[in-house]
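K.L.:
What follows is a single structure, and I will ask about it in a moment.
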Amino acid sequence: MNTEKLYSVAVYLRLSRDEMTLKNKDKQERNNRTESNSICFQRELAYSFIRNNKDMKLFDTYIDDGHSGVDFDRPAFKRMIHDIKAGLVNCIIVKDLSRFGRDYIETGRFIQKIFPMLNVRFIAINDSFDTLTADFNETSVVLPVKNFVNDSYCRDISWKVKSQQKVKRENGEFIGAFAVYGYKKDKENKNLLVIDEYAAKIVQNIFAWKLEGYSFGAIADKLNAQGILSPMEYKKSKGENFQTGFYTKNITKWSAMAVKRILVNEVYTGNLVQGKSEKINYKVKKSIMKPKNEWICVKNTHQPIICMEDFKNVQKLLSTDSRAIQGQKNSHIFSGLLFCGDCMETMTRRVNHYHGKKTIYFICQKNNKGQGCSRHSMKEEQLKAIIYKCLKVQALIMVDKRNVFDAIKELKVDAQQMVSYDRERSRLKKEQEKYFDLKDHLYQDWKEGILSKEDFLDLKKIYKEKYTGFQKMIEQQERRIQELFCENLASNEQLEKLKTETALIEINREVLIHFIERIIVYENKRLCIEFRYQELFDKVILAKYQ
């Protein structure tokens, strides 16, 4: 060793989050590895090495705690490279090669090309590797193999973490770092969402305003005017270290996009939709969106904030052009409901001022753009009068509540069906317990010599498989009971709305949204009104007169 040269040493320490939290390995093994890789242990090992070498002097310690070794985009590492290039450091010491990096190509490039070019000595203590004394075999054979092993280890961790996350998603467990606005994580179970009463009320208001015809921007302005904190600021006020890719300012306010993200999120109906995106691979941080058919959706995982009926109505409105009237905060009451009878394009609202008189009418959007079709012109007042009469007629058809509503209830979930599912679950439970008892007695039979060890192991495996199989069937029955219960709740909500709407006094947007699917306008002022729940009432009529 050249003792005449004094080395200015950089001690580099790193520990990733995955290495601290991975649960696939044996607990004792994991604890031992975490302890040996701890920042404190790495530091003491490196400092001891420096003390035993008189030609070395510590310049600085560079720590990347909680950073993956897959890439080299780490703050402390970049600071160390900067100091090397500034001529302040000419020797790097790490505990082992895996602490330096786990990408075998980039790790090899730094150790074999960049550091020699910068005249920097590199030492990995536990791997007994020192570029000053390493021969050709160590540098060209051993080093690449060790780097490849470290890279493979990182790939293995990535695969295991992804597998764990997939299982949790399929089980309906929430695995996000932060709960979506309107919810919070349960204190006892971090994978369960529970309602945040304050934020949930804001979410309900947002959906209600949208159903009233407010635009995204108008809703955002309304929230900001009321001093309601945006989702990001609200999480900060609760003490959460929340970061998002949508963050643009020091203090964020409600925006049209933030409102839209809430309105399209199915989580508010009690369904959990996860796995919408994934990282390209374990070496690249960038994520890509997955096709919708690959998303993992589990129903009824938590308490809903918005009923499914209102959520579907909002999605229907969002699928059409329902922009606000010029100069106003909300759209007109027919927005998203009027369609041309020939080209099926939405109808455009127009206002005509003539001799101080204001006339509002609707025409075909395609015709308005000069792209063909005809005007299909219909005055708003005339349209309101016709719709009002049609709604009153429809209400009269349903006025016999004793027959119609009772008949609808009979078409809905039968309580006896729920009971039968519960009985089947109880039967499966008994069968499962039987195999548990059989498996429990096996050990005693083996000890008493009734069973051979081979028979004991075979029967134990069979009983365990049977037990697991019954557990899956029990869970399936429980999901069916839960789904029936939720369907029944939704049916009752639907019926209550129908009862309210039969007592129609005037036309407003809420009545139109809940009562009418769409209105098709033909030439010669002819209308075709498609009512919601029509299929339900058709079933009642058929059942009544068969």
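Ligands are numbered from 1 in the order shown, residues from 1 within each chain, and chains are lettered A, B, ... in the order they appear in the structure tokens.
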Leaving out A:Lys466 and any residue of its chain fewer than 5 positions from it, which residues lie within 10 Å of it when counting only C-alpha atoms, given as a list in words?

P.N.:
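Selected residues are Glu431, Gln432, Lys434, Tyr435, Phe436, Lys460, Lys461 and Gln471 of chain A.
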
K.L.:
Excluding A:Glu44 and any residue of its chain fewer than 6 positions from it, enumerate the residues within 12 Å of it, using only C-alpha atoms, and give them as a ChimeraX atom specification.

P.N.:
/A:11-13,36-38,50-51,61,93-95,125

K.L.:
Would you save the residues from that selection as an mmCIF file, in the first residue's frame, using C-alpha atoms?

P.N.:
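The resulting part.cif:
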data_model
loop_
_atom_site.group_PDB
_atom_site.id
_atom_site.type_symbol
_atom_site.label_atom_id
_atom_site.label_comp_id
_atom_site.auth_asym_id
_atom_site.auth_seq_id
_atom_site.Cartn_x
_atom_site.Cartn_y
_atom_site.Cartn_z
ATOM 1 C CA VAL A 11 -17.986 7.555 3.831
ATOM 2 C CA TYR A 12 -21.152 6.677 1.935
ATOM 3 C CA LEU A 13 -24.117 5.136 3.833
ATOM 4 C CA SER A 36 -26.520 -5.088 10.069
ATOM 5 C CA ASN A 37 -27.506 -2.624 7.336
ATOM 6 C CA SER A 38 -28.540 0.149 9.715
ATOM 7 C CA ILE A 50 -10.423 4.688 8.793
ATOM 8 C CA ARG A 51 -8.973 4.639 12.321
ATOM 9 C CA THR A 61 -20.176 11.352 5.686
ATOM 10 C CA ILE A 93 -15.644 3.788 1.629
ATOM 11 C CA VAL A 94 -18.891 1.760 1.820
ATOM 12 C CA LYS A 95 -19.933 -1.207 3.958
ATOM 13 C CA ILE A 125 -15.189 -3.339 3.370
#

K.L.:
Report as an MDAnalysis selection string all protein, DNA and RNA residues lying within 8 Å of A:Leu263, evaluated on only C-alpha atoms, omitting residues in the same chain fewer than 3 positions from it.

P.N.:
chainID A and resid 206:207 259:260 311 314:315

K.L.:
For A:Met308, which residue out of A:Gly69, A:Gly270, A:Gly469, A:Gly101 is the nearest one, using only C-alpha atoms?

P.N.:
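Counting only C-alpha atoms, the residue closest to A:Met308 is A:Gly270.
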
K.L.:
Identify, on the basis of only C-alpha atoms, every residue whose closest approach to stretch 513-529 of chain A does not exceed 6 Å; exclude the query and any residue fewer than 6 positions from it along the same chain; express the result as a VMD selection string.

P.N.:
chain A and resid 337 to 341 376

K.L.:
Write to file, as a PDB file, in the first residue's frame, the residues of the selection just made, with N, CA, C and O atoms.

P.N.:
ATOM      1  N   LEU A 337     -79.426  16.666 -21.368  1.00  0.00           N
ATOM      2  CA  LEU A 337     -80.610  15.800 -21.512  1.00  0.00           C
ATOM      3  C   LEU A 337     -81.244  15.884 -22.898  1.00  0.00           C
ATOM      4  O   LEU A 337     -81.943  14.957 -23.320  1.00  0.00           O
ATOM      5  N   LEU A 338     -80.996  16.992 -23.609  1.00  0.00           N
ATOM      6  CA  LEU A 338     -81.636  17.205 -24.923  1.00  0.00           C
ATOM      7  C   LEU A 338     -80.758  16.694 -26.074  1.00  0.00           C
ATOM      8  O   LEU A 338     -79.584  17.022 -26.148  1.00  0.00           O
ATOM      9  N   PHE A 339     -81.375  15.905 -26.986  1.00  0.00           N
ATOM     10  CA  PHE A 339     -80.649  15.355 -28.124  1.00  0.00           C
ATOM     11  C   PHE A 339     -81.481  15.496 -29.396  1.00  0.00           C
ATOM     12  O   PHE A 339     -82.708  15.399 -29.365  1.00  0.00           O
ATOM     13  N   CYS A 340     -80.766  15.729 -30.495  1.00  0.00           N
ATOM     14  CA  CYS A 340     -81.413  15.821 -31.807  1.00  0.00           C
ATOM     15  C   CYS A 340     -81.922  14.438 -32.218  1.00  0.00           C
ATOM     16  O   CYS A 340     -81.210  13.442 -32.108  1.00  0.00           O
ATOM     17  N   GLY A 341     -83.155  14.373 -32.708  1.00  0.00           N
ATOM     18  CA  GLY A 341     -83.762  13.095 -33.067  1.00  0.00           C
ATOM     19  C   GLY A 341     -83.175  12.460 -34.311  1.00  0.00           C
ATOM     20  O   GLY A 341     -83.366  11.257 -34.542  1.00  0.00           O
ATOM     21  N   HIS A 376     -84.178  21.653 -35.892  1.00  0.00           N
ATOM     22  CA  HIS A 376     -84.956  21.011 -34.821  1.00  0.00           C
ATOM     23  C   HIS A 376     -85.259  22.011 -33.710  1.00  0.00           C
ATOM     24  O   HIS A 376     -85.201  21.685 -32.520  1.00  0.00           O
TER      25      HIS A 376
END

K.L.:
Identify, on the basis of only C-alpha atoms, every residue whose closest approach to A:Ser8 does not exceed 8 Å; exclude the query and any residue fewer than 6 positions from it along the same chain; express the result as a PyMOL selection string.

P.N.:
chain A and resi 56-59+88-91

K.L.:
If I take atom CA of A:Leu383 and atom CA of A:Leu318, how far is one from the other in Å, to one decimal?

P.N.:
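Atom-to-atom, atom CA of A:Leu383 to atom CA of A:Leu318, that is 22.8 Å.
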
K.L.:
Between A:Lys222, A:Leu192, A:Trp209, A:Tyr198, which one has atoms that come closest to A:Thr301, using only C-alpha atoms?

P.N.:
A:Leu192

K.L.:
Excluding stretch 180-191 of chain A and its own-chain neighbours fewer than 4 positions away, which residues fall within 8 Å of it when counting only C-alpha atoms? Please give them as an NGL selection string.

P.N.:
:A and (173-175 or 195-203 or 231 or 305)

K.L.:
Would you work out the distance separating atom CA of A:Asp65 from atom CA of A:Leu15, expressed in Å to one decimal?

P.N.:
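So the answer is 5.0 Å.
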
K.L.:
Skip A:His67 itself and residues of its chain fewer than 5 positions away, then list as a CSV table (one decimal) with N, CA and C atoms, in the first residue's frame all residues within 10 Å of it, counting only C-alpha atoms.

P.N.:
chain,number,residue,atom,x,y,z
A,14,ARG,N,-26.1,4.0,3.0
A,14,ARG,CA,-27.5,4.0,2.4
A,14,ARG,C,-28.3,2.9,3.0
A,15,LEU,N,-29.6,3.2,3.2
A,15,LEU,CA,-30.6,2.1,3.6
A,15,LEU,C,-31.9,2.5,3.0
A,16,SER,N,-32.5,1.5,2.3
A,16,SER,CA,-33.7,1.7,1.6
A,16,SER,C,-34.9,1.3,2.4
A,17,ARG,N,-36.1,1.9,2.1
A,17,ARG,CA,-37.3,1.6,2.9
A,17,ARG,C,-37.7,0.1,2.7
A,18,ASP,N,-37.5,-0.4,1.5
A,18,ASP,CA,-37.9,-1.8,1.2
A,18,ASP,C,-37.2,-2.8,2.1
A,72,PHE,N,-29.2,6.1,-9.2
A,72,PHE,CA,-28.2,6.9,-8.5
A,72,PHE,C,-28.7,8.4,-8.3
A,73,ASP,N,-30.0,8.5,-8.5
A,73,ASP,CA,-30.6,9.9,-8.3
A,73,ASP,C,-30.9,10.1,-6.8
A,74,ARG,N,-29.9,10.1,-6.0
A,74,ARG,CA,-30.0,10.3,-4.5
A,74,ARG,C,-29.3,11.5,-4.1
A,75,PRO,N,-29.9,12.3,-3.2
A,75,PRO,CA,-29.3,13.6,-2.8
A,75,PRO,C,-27.9,13.6,-2.3
A,76,ALA,N,-27.7,12.7,-1.3
A,76,ALA,CA,-26.3,12.6,-0.7
A,76,ALA,C,-25.3,12.1,-1.7

K.L.:
Using only C-alpha atoms, which residue out of A:Asn313, A:Gln165, A:Asn52, A:Thr252 lies closest to A:Ile228?

P.N.:
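For A:Ile228, the nearest of the candidates is A:Thr252.
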
K.L.:
Mind checking DSSP for stretch 71-146 of chain A and telling me the helix (DSSP H, G or I) residues as a PyMOL selection string?

P.N.:
chain A and resi 75-85+97-100+104-117+136-146

K.L.:
Go ahead and dump the residues you just picked, C-alpha atoms, as a CSV table (one decimal), in the first residue's frame.

P.N.:
chain,number,residue,atom,x,y,z
A,75,PRO,CA,-29.3,13.6,-2.8
A,76,ALA,CA,-26.3,12.6,-0.7
A,77,PHE,CA,-24.8,10.6,-3.5
A,78,LYS,CA,-25.0,13.5,-5.9
A,79,ARG,CA,-23.4,15.8,-3.2
A,80,MET,CA,-20.6,13.3,-2.9
A,81,ILE,CA,-19.9,13.3,-6.6
A,82,HIS,CA,-19.9,17.1,-6.6
A,83,ASP,CA,-17.2,17.1,-3.9
A,84,ILE,CA,-15.2,14.5,-5.8
A,85,LYS,CA,-15.2,16.6,-8.9
A,97,LEU,CA,-21.2,-3.1,-2.8
A,98,SER,CA,-25.0,-3.3,-2.2
A,99,ARG,CA,-24.8,-0.1,-0.1
A,100,PHE,CA,-23.3,1.8,-3.1
A,104,TYR,CA,-25.1,-3.8,-11.7
A,105,ILE,CA,-24.5,-1.8,-15.0
A,106,GLU,CA,-24.3,1.6,-13.4
A,107,THR,CA,-22.4,0.4,-10.3
A,108,GLY,CA,-19.8,-1.2,-12.6
A,109,ARG,CA,-19.6,1.9,-14.7
A,110,PHE,CA,-18.8,4.1,-11.7
A,111,ILE,CA,-16.3,1.7,-10.1
A,112,GLN,CA,-14.5,0.6,-13.3
A,113,LYS,CA,-14.6,3.7,-15.4
A,114,ILE,CA,-15.7,7.0,-13.7
A,115,PHE,CA,-13.7,6.6,-10.4
A,116,PRO,CA,-10.4,5.6,-12.1
A,117,MET,CA,-10.8,8.5,-14.5
A,136,PHE,CA,-7.7,-8.3,-13.0
A,137,ASN,CA,-9.9,-11.2,-11.8
A,138,GLU,CA,-11.4,-9.3,-9.0
A,139,THR,CA,-12.2,-6.3,-11.1
A,140,SER,CA,-13.3,-8.1,-14.3
A,141,VAL,CA,-15.0,-11.2,-12.9
A,142,VAL,CA,-15.8,-11.0,-9.2
A,143,LEU,CA,-17.0,-7.4,-9.2
A,144,PRO,CA,-19.5,-7.8,-12.0
A,145,VAL,CA,-20.9,-11.0,-10.5
A,146,LYS,CA,-21.4,-9.4,-7.1

K.L.:
From a DSSP pass on the backbone, collect the residues of stretch 170-383 of chain A flagged as strand (DSSP E) and hand them back as a ChimeraX atom specification.

P.N.:
/A:183-185,193-195,272-274,277-281,284-289,296-298,338-340,347-354,357-364,378-379

K.L.:
Please report the interatomic distance between atom CA of A:Glu530 and atom CA of A:Arg349 in Å with one decimal.

P.N.:
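Computing it gives 20.4 Å between the two atoms.
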